[in-house]
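J.: What follows is a structure written as structure tokens; I'll ask about it next.
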Amino acid sequence: VRQAKLTNSYQDLAKTPLLIAMDGEWGLGMRLDSTISYPRQMTLGAIRDNHQIYLMGEEIGRQMKRLGVHINFAPVVDINSNPANPVIGTRSFGEDKDNVASKGIAYMKGLEAAGVMANAKHFPGHGDTSTDSHHTLPMVEHDLQRLQNVELYPFKKLIDAGLRSTMVAHLYIPSLDSTSNLPSTLSKPVITGLLQQQYGFNGLIFTDALNMKGVSAFYQPGELEVKALQAGNDVLLFPENVPAAIQAIKLALDKKEIKKQALETKVKKILTAKFQAGLNHYEPVNMDNIQSFLIRPEAQLLKRTLFEKAITIVKNQHNHLPITALDTTYFASLTIGPTEPNTFQKKLSKYAPFTHFTLGNAQRTKDHYQRLLGKLENFNQVLIGLHMLNNSRSKNYGLTSDDVEFLTELQRRTNVIVVAFGNPYSLGYLEESSSLICAYQDQQITQELVPQIIFGASDASGQLPVTSGHIKAGTGVNTEAIGRLGYSLPEHAGMDSRVLSRIDKIASEAIKEKATPGCQVLVARNGKVVFEKAYGYFTYD
């Protein structure tokens with residue numbers, strides 16, 4: 001709501017309506033609170049059905065359109081071929097160029113169907129870098145053949161599919177332009193020569209933010225913006241000093257260092273984009289019910305579906321998944337990271353009697369693990385949830401040698417299923433696990449979904465988008481649901497959350513009128529529990 005008000009106030013001040021753009025790689029939630037965050041692109045990279053990515057792009061586009069946003073700086077089509085990449089990582093669809101390209105096209109087409117311009121980034125490919133262009137100028141040392149075969153491949157595919165805008169990265173790529181300390185953002189051979197002339201791209205070209213050290217460390221405000229325009233960019237993002245930039249551009253025009261015709265062409269491209277965005281009939285953002293629209297149940301269900309289709313059974317060596325035998329099994333669960341039982345454990349208890357254990361980060365020591373071994377070996381099925389993992393390769397993604405040693409030893413003593421609620425690159429440390437699941441992100445929604453896959457209430461169809469250790473990209477064991485009840489939103493079963501929410505009023509009225517001191521209501525349809533809530537107390541007093 002605050003953003004909508006700001007946008008309206010900026011548009012009121014503008015003589016020509018403004019194009020509004022944002023970084024919304026995983027939706028509005030990337031930048032705005034109280035909105036939905038869809039899965040990161042690496043999570044989406046695990047989904048086999050690209051139509052789901054299209055549907056997400058379309059929904060993100062609808063939400064942006066409702067908020068007065070015209071351009072989304074997404075998708076990221078960098079191929080994350082370097083696991084140590086500190087800036088792309090989980091923002092990429094993965095390491096396979098065809099998977100990245102096809103999912104990038106699906107995301108782009110979804111956004112465009114909703115009337116929002118997509119923006120492929122970061123040209124010509126930021127995936128194989130080991131430094132962050134926010135802080136320094138990364139170098140990409142590959143030859144032209146490798147670049148065309150890998151890094152540039154998704155960009156070419158999206159251009160051929162009708163891409164309307166792209167963002168250029170701050171990279172030093174000697175095989176494309178060997179000028180010392182010249183980022184690709186300021187390179188005429190990269191932007192005019194390769195992107196426009198060779199690849200035939202005639203859409204809007206954005207620089208990456210010009211306050212990033214990958215470019216600002218070498219050039220002063222004013223000089224920097226002039227070079228960016230000369231290289232072929234149309235839109236300059238985040239100039240550090242706008243008045244200095246305007247003055248320098250005017251001076252460059254007077255000196256004919258920038259041709260007037262070239263500048264007019266850029267202006268016409270921007271005005272065309274504004275026309276295509278409908279700004280020739282500008283209307284302010286309608287504030288009525290904006291919050292309820294952005295988080296409506298249909299949008300929440302899509303998020304749930306995406307996570308469910310991404311969850312990947314990485315190993316199922318002894319066919320323990322899905323678990324079928326309940327009567328003869330003694331179940332235990334252990335969460336590593338949280339200090340109290342979490343959603344994962346609570347959902348496990350919906351399917352079988354569990355004894356739950358937790359091990360907070362401060363307790364992850366050999367002594368604690370040794371004591372746990374003595375307790376857990378008495379159960380014939382132990383489920384391990386690995387939480388609070390991180391994205392840092394240098395920190396082993398949050399796993400310690402004691403963690404790995406414990407899991408290996410426990411597996412020798414009993415049946416163990418390990419679930420990694422985090423970065424798929426962490427799986428390389430868990431190769432010894434015979435039953436292994438990757439949930440990609442540690443959220444309440446993934447903690448709700450994984451138990452349903454484990455106990456056969458839902459299918460599993462995800463496949464790994466990256467290689468980790470000896471576990472290759474594309475790995476994924478498919479399992480089918482065995483008919484157990486699952487848990488979802490009413491919309492999953494063709495019902496309406498807004499209608500079912502009226503149960504609250506009926507239950508409250510029943511308690512008030514002393515028809516009952518309390519009650520529990522459960523609604524299940526088409527194999528899914530879609531409403532489950534308790535009201536009141538056991539007695540009137």
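FYI, nothing fancy with the structure tokens labels: chains A, B, ... in order, residues from 1 per chain, ligands from 1 as they appear.
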Region 441-474 of chain A: which residues are alpha helix (DSSP H) by DSSP, as a list in words?
T.: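 The alpha helix (DSSP H) residues within region 441-474 of chain A come out as Gln444, Ile445, Thr446, Gln447, Glu448, Leu449, Val450, Pro451, Gln452, Ile453 and Ile454 of chain A.
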J.: Counting only C-alpha atoms, what is within 9 Å of region 357-365 of chain A, bar same-chain residues fewer than 4 positions away, as a PDB file with C-alpha atoms, in the first residue's frame?
T.:
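The new file around_27.pdb reads:
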```pdb
ATOM      1  CA  ALA A 332      11.414 -40.727  15.492  1.00  0.00           C
ATOM      2  CA  SER A 333      12.293 -37.377  14.014  1.00  0.00           C
ATOM      3  CA  LEU A 334      15.223 -35.063  14.621  1.00  0.00           C
ATOM      4  CA  THR A 335      15.436 -31.454  13.486  1.00  0.00           C
ATOM      5  CA  ILE A 336      18.942 -30.022  13.381  1.00  0.00           C
ATOM      6  CA  GLY A 337      19.009 -26.246  13.767  1.00  0.00           C
ATOM      7  CA  PRO A 338      15.706 -25.306  15.493  1.00  0.00           C
ATOM      8  CA  THR A 339      15.476 -25.436  19.289  1.00  0.00           C
ATOM      9  CA  GLU A 340      11.776 -26.389  19.356  1.00  0.00           C
ATOM     10  CA  PRO A 341       9.565 -28.755  17.339  1.00  0.00           C
ATOM     11  CA  TYR A 369      25.399 -36.451  18.869  1.00  0.00           C
ATOM     12  CA  GLN A 370      26.770 -39.447  20.769  1.00  0.00           C
ATOM     13  CA  LEU A 372      21.393 -38.978  20.431  1.00  0.00           C
ATOM     14  CA  MET A 388      19.064 -23.177   8.843  1.00  0.00           C
ATOM     15  CA  THR A 400      29.725 -29.424   9.888  1.00  0.00           C
ATOM     16  CA  ASP A 402      30.180 -33.582  13.129  1.00  0.00           C
ATOM     17  CA  ASP A 403      26.779 -33.388  11.395  1.00  0.00           C
TER      18      ASP A 403
END
```
J.: If we count only C-alpha atoms and set the cut-off at 9 Å, which residues sit around region 522-530 of chain A, ignoring sequence neighbours fewer than 4 positions away in its own chain? Please answer as a PyMOL selection string.
T.: chain A and resi 457+483-495+497+534
J.: From the list A:Gln52, A:Ile47, A:Ala118, A:Pro86, which residue is nearest Ile71 (chain A) when using only C-alpha atoms?
T.: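 Closest candidate: A:Ala118.
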J.: So, counting only C-alpha atoms, which residue among A:Leu279, A:Val404, A:Val521, A:Ile246 is closest to Ile503 (chain A)?
T.: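 Among A:Leu279, A:Val404, A:Val521, A:Ile246, it is A:Val521 that comes nearest to Ile503 (chain A).
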J.: I'd like to know which residues of region 10-235 of chain A are strand (DSSP E) (by DSSP, run on the backbone); could you write them as a list in words?
T.: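 Result set for region 10-235 of chain A (strand (DSSP E)): Ala21, Met22, Ile71, Asn72, Met117, Ala118, Ala120, Lys121, His122, Phe123, Ser165, Thr166, Met167, Val168, Leu204, Ile205, Phe206 and Thr207 of chain A.
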J.: Restrict the selected residues to N, CA, C and O atoms and save them as a short mmCIF file (atom, residue, chain, number, x, y, z; two decimals), in the first residue's frame.
T.:
```
data_model
loop_
_atom_site.label_atom_id
_atom_site.label_comp_id
_atom_site.auth_asym_id
_atom_site.auth_seq_id
_atom_site.Cartn_x
_atom_site.Cartn_y
_atom_site.Cartn_z
N ALA A 21 9.81 0.12 -12.81
CA ALA A 21 10.43 -1.20 -12.88
C ALA A 21 10.85 -1.63 -11.48
O ALA A 21 11.03 -0.80 -10.59
N MET A 22 10.99 -2.95 -11.30
CA MET A 22 11.48 -3.44 -10.01
C MET A 22 12.18 -4.77 -10.19
O MET A 22 11.96 -5.48 -11.17
N ILE A 71 7.74 -3.08 -15.66
CA ILE A 71 8.89 -3.90 -16.05
C ILE A 71 9.36 -4.70 -14.85
O ILE A 71 9.53 -4.15 -13.76
N ASN A 72 9.58 -5.99 -15.05
CA ASN A 72 10.18 -6.82 -14.01
C ASN A 72 11.59 -7.20 -14.45
O ASN A 72 11.76 -7.78 -15.53
N MET A 117 6.61 -6.10 -18.98
CA MET A 117 7.80 -6.38 -19.78
C MET A 117 8.80 -7.21 -18.97
O MET A 117 9.13 -6.85 -17.84
N ALA A 118 9.26 -8.31 -19.56
CA ALA A 118 10.32 -9.11 -18.94
C ALA A 118 11.67 -8.49 -19.26
O ALA A 118 11.81 -7.72 -20.21
N ALA A 120 15.67 -9.98 -19.41
CA ALA A 120 16.63 -11.07 -19.20
C ALA A 120 17.96 -10.49 -18.71
O ALA A 120 18.47 -9.53 -19.27
N LYS A 121 18.50 -11.10 -17.67
CA LYS A 121 19.76 -10.60 -17.13
C LYS A 121 20.63 -11.78 -16.69
O LYS A 121 20.11 -12.89 -16.51
N HIS A 122 21.94 -11.62 -16.58
CA HIS A 122 22.73 -10.41 -16.75
C HIS A 122 23.64 -10.63 -17.96
O HIS A 122 24.62 -11.37 -17.85
N PHE A 123 23.28 -10.05 -19.12
CA PHE A 123 24.01 -10.23 -20.37
C PHE A 123 25.45 -9.75 -20.21
O PHE A 123 25.68 -8.71 -19.61
N SER A 165 13.43 -6.70 -23.44
CA SER A 165 14.45 -5.90 -22.75
C SER A 165 15.46 -6.82 -22.09
O SER A 165 15.17 -7.98 -21.77
N THR A 166 16.66 -6.29 -21.89
CA THR A 166 17.72 -7.05 -21.23
C THR A 166 18.56 -6.11 -20.38
O THR A 166 18.51 -4.88 -20.55
N MET A 167 19.29 -6.70 -19.44
CA MET A 167 20.17 -5.93 -18.56
C MET A 167 21.60 -6.42 -18.75
O MET A 167 21.84 -7.64 -18.77
N VAL A 168 22.52 -5.48 -18.88
CA VAL A 168 23.92 -5.82 -19.13
C VAL A 168 24.69 -5.82 -17.81
O VAL A 168 24.56 -4.90 -16.99
N LEU A 204 14.75 -2.81 -25.42
CA LEU A 204 15.38 -1.87 -24.49
C LEU A 204 16.59 -2.53 -23.82
O LEU A 204 16.51 -3.67 -23.37
N ILE A 205 17.68 -1.77 -23.73
CA ILE A 205 18.91 -2.26 -23.09
C ILE A 205 19.16 -1.44 -21.84
O ILE A 205 19.34 -0.21 -21.91
N PHE A 206 19.16 -2.10 -20.69
CA PHE A 206 19.40 -1.47 -19.40
C PHE A 206 20.81 -1.79 -18.93
O PHE A 206 21.28 -2.92 -19.08
N THR A 207 21.47 -0.82 -18.33
CA THR A 207 22.69 -1.14 -17.58
C THR A 207 22.29 -1.80 -16.26
O THR A 207 21.16 -1.62 -15.79
#
```
J.: What are the closest atom pairs, with distances in Å to one decimal, for all residues of region 125-195 of chain A lying within 12 Å of region 222-226 of chain A? Consider only C-alpha atoms, order rows by chain and residue number, and present the result as a tab-separated table.
T.:
```
residue	atom	partner	partner_atom	distance
A:Leu182	CA	A:Leu224	CA	10.8
A:Pro183	CA	A:Leu224	CA	10.8
A:Thr185	CA	A:Leu224	CA	9.9
A:Leu186	CA	A:Leu224	CA	8.0
A:Ser187	CA	A:Leu224	CA	11.6
```
J.: Counting only C-alpha atoms, give me one row per residue of region 408-452 of chain A with an atom at most 12 Å from an atom of region 289-303 of chain A, showing the shortest contact pair and its distance in Å to one decimal, sorted by chain then residue number, as a tab-separated table.
T.:
```
residue	atom	partner	partner_atom	distance
A:Gln443	CA	A:Lys303	CA	11.8
A:Ile445	CA	A:Lys303	CA	8.9
A:Thr446	CA	A:Lys303	CA	10.5
A:Leu449	CA	A:Lys303	CA	11.8
```
J.: Next, the residues of the selection above should be written as a PDB file, in the first residue's frame with N, CA and C atoms.
T.:
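So again.pdb came out as:
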```pdb
ATOM      1  N   GLN A 443      11.072 -23.154   4.519  1.00  0.00           N
ATOM      2  CA  GLN A 443       9.884 -22.347   4.771  1.00  0.00           C
ATOM      3  C   GLN A 443       8.802 -23.231   5.373  1.00  0.00           C
ATOM      4  N   ILE A 445       5.941 -23.659   4.268  1.00  0.00           N
ATOM      5  CA  ILE A 445       5.248 -24.366   3.196  1.00  0.00           C
ATOM      6  C   ILE A 445       5.991 -25.636   2.790  1.00  0.00           C
ATOM      7  N   THR A 446       7.343 -25.599   2.716  1.00  0.00           N
ATOM      8  CA  THR A 446       8.092 -26.805   2.363  1.00  0.00           C
ATOM      9  C   THR A 446       8.060 -27.805   3.521  1.00  0.00           C
ATOM     10  N   LEU A 449       4.878 -29.666   3.129  1.00  0.00           N
ATOM     11  CA  LEU A 449       4.757 -30.501   1.939  1.00  0.00           C
ATOM     12  C   LEU A 449       5.591 -31.774   2.005  1.00  0.00           C
TER      13      LEU A 449
END
```
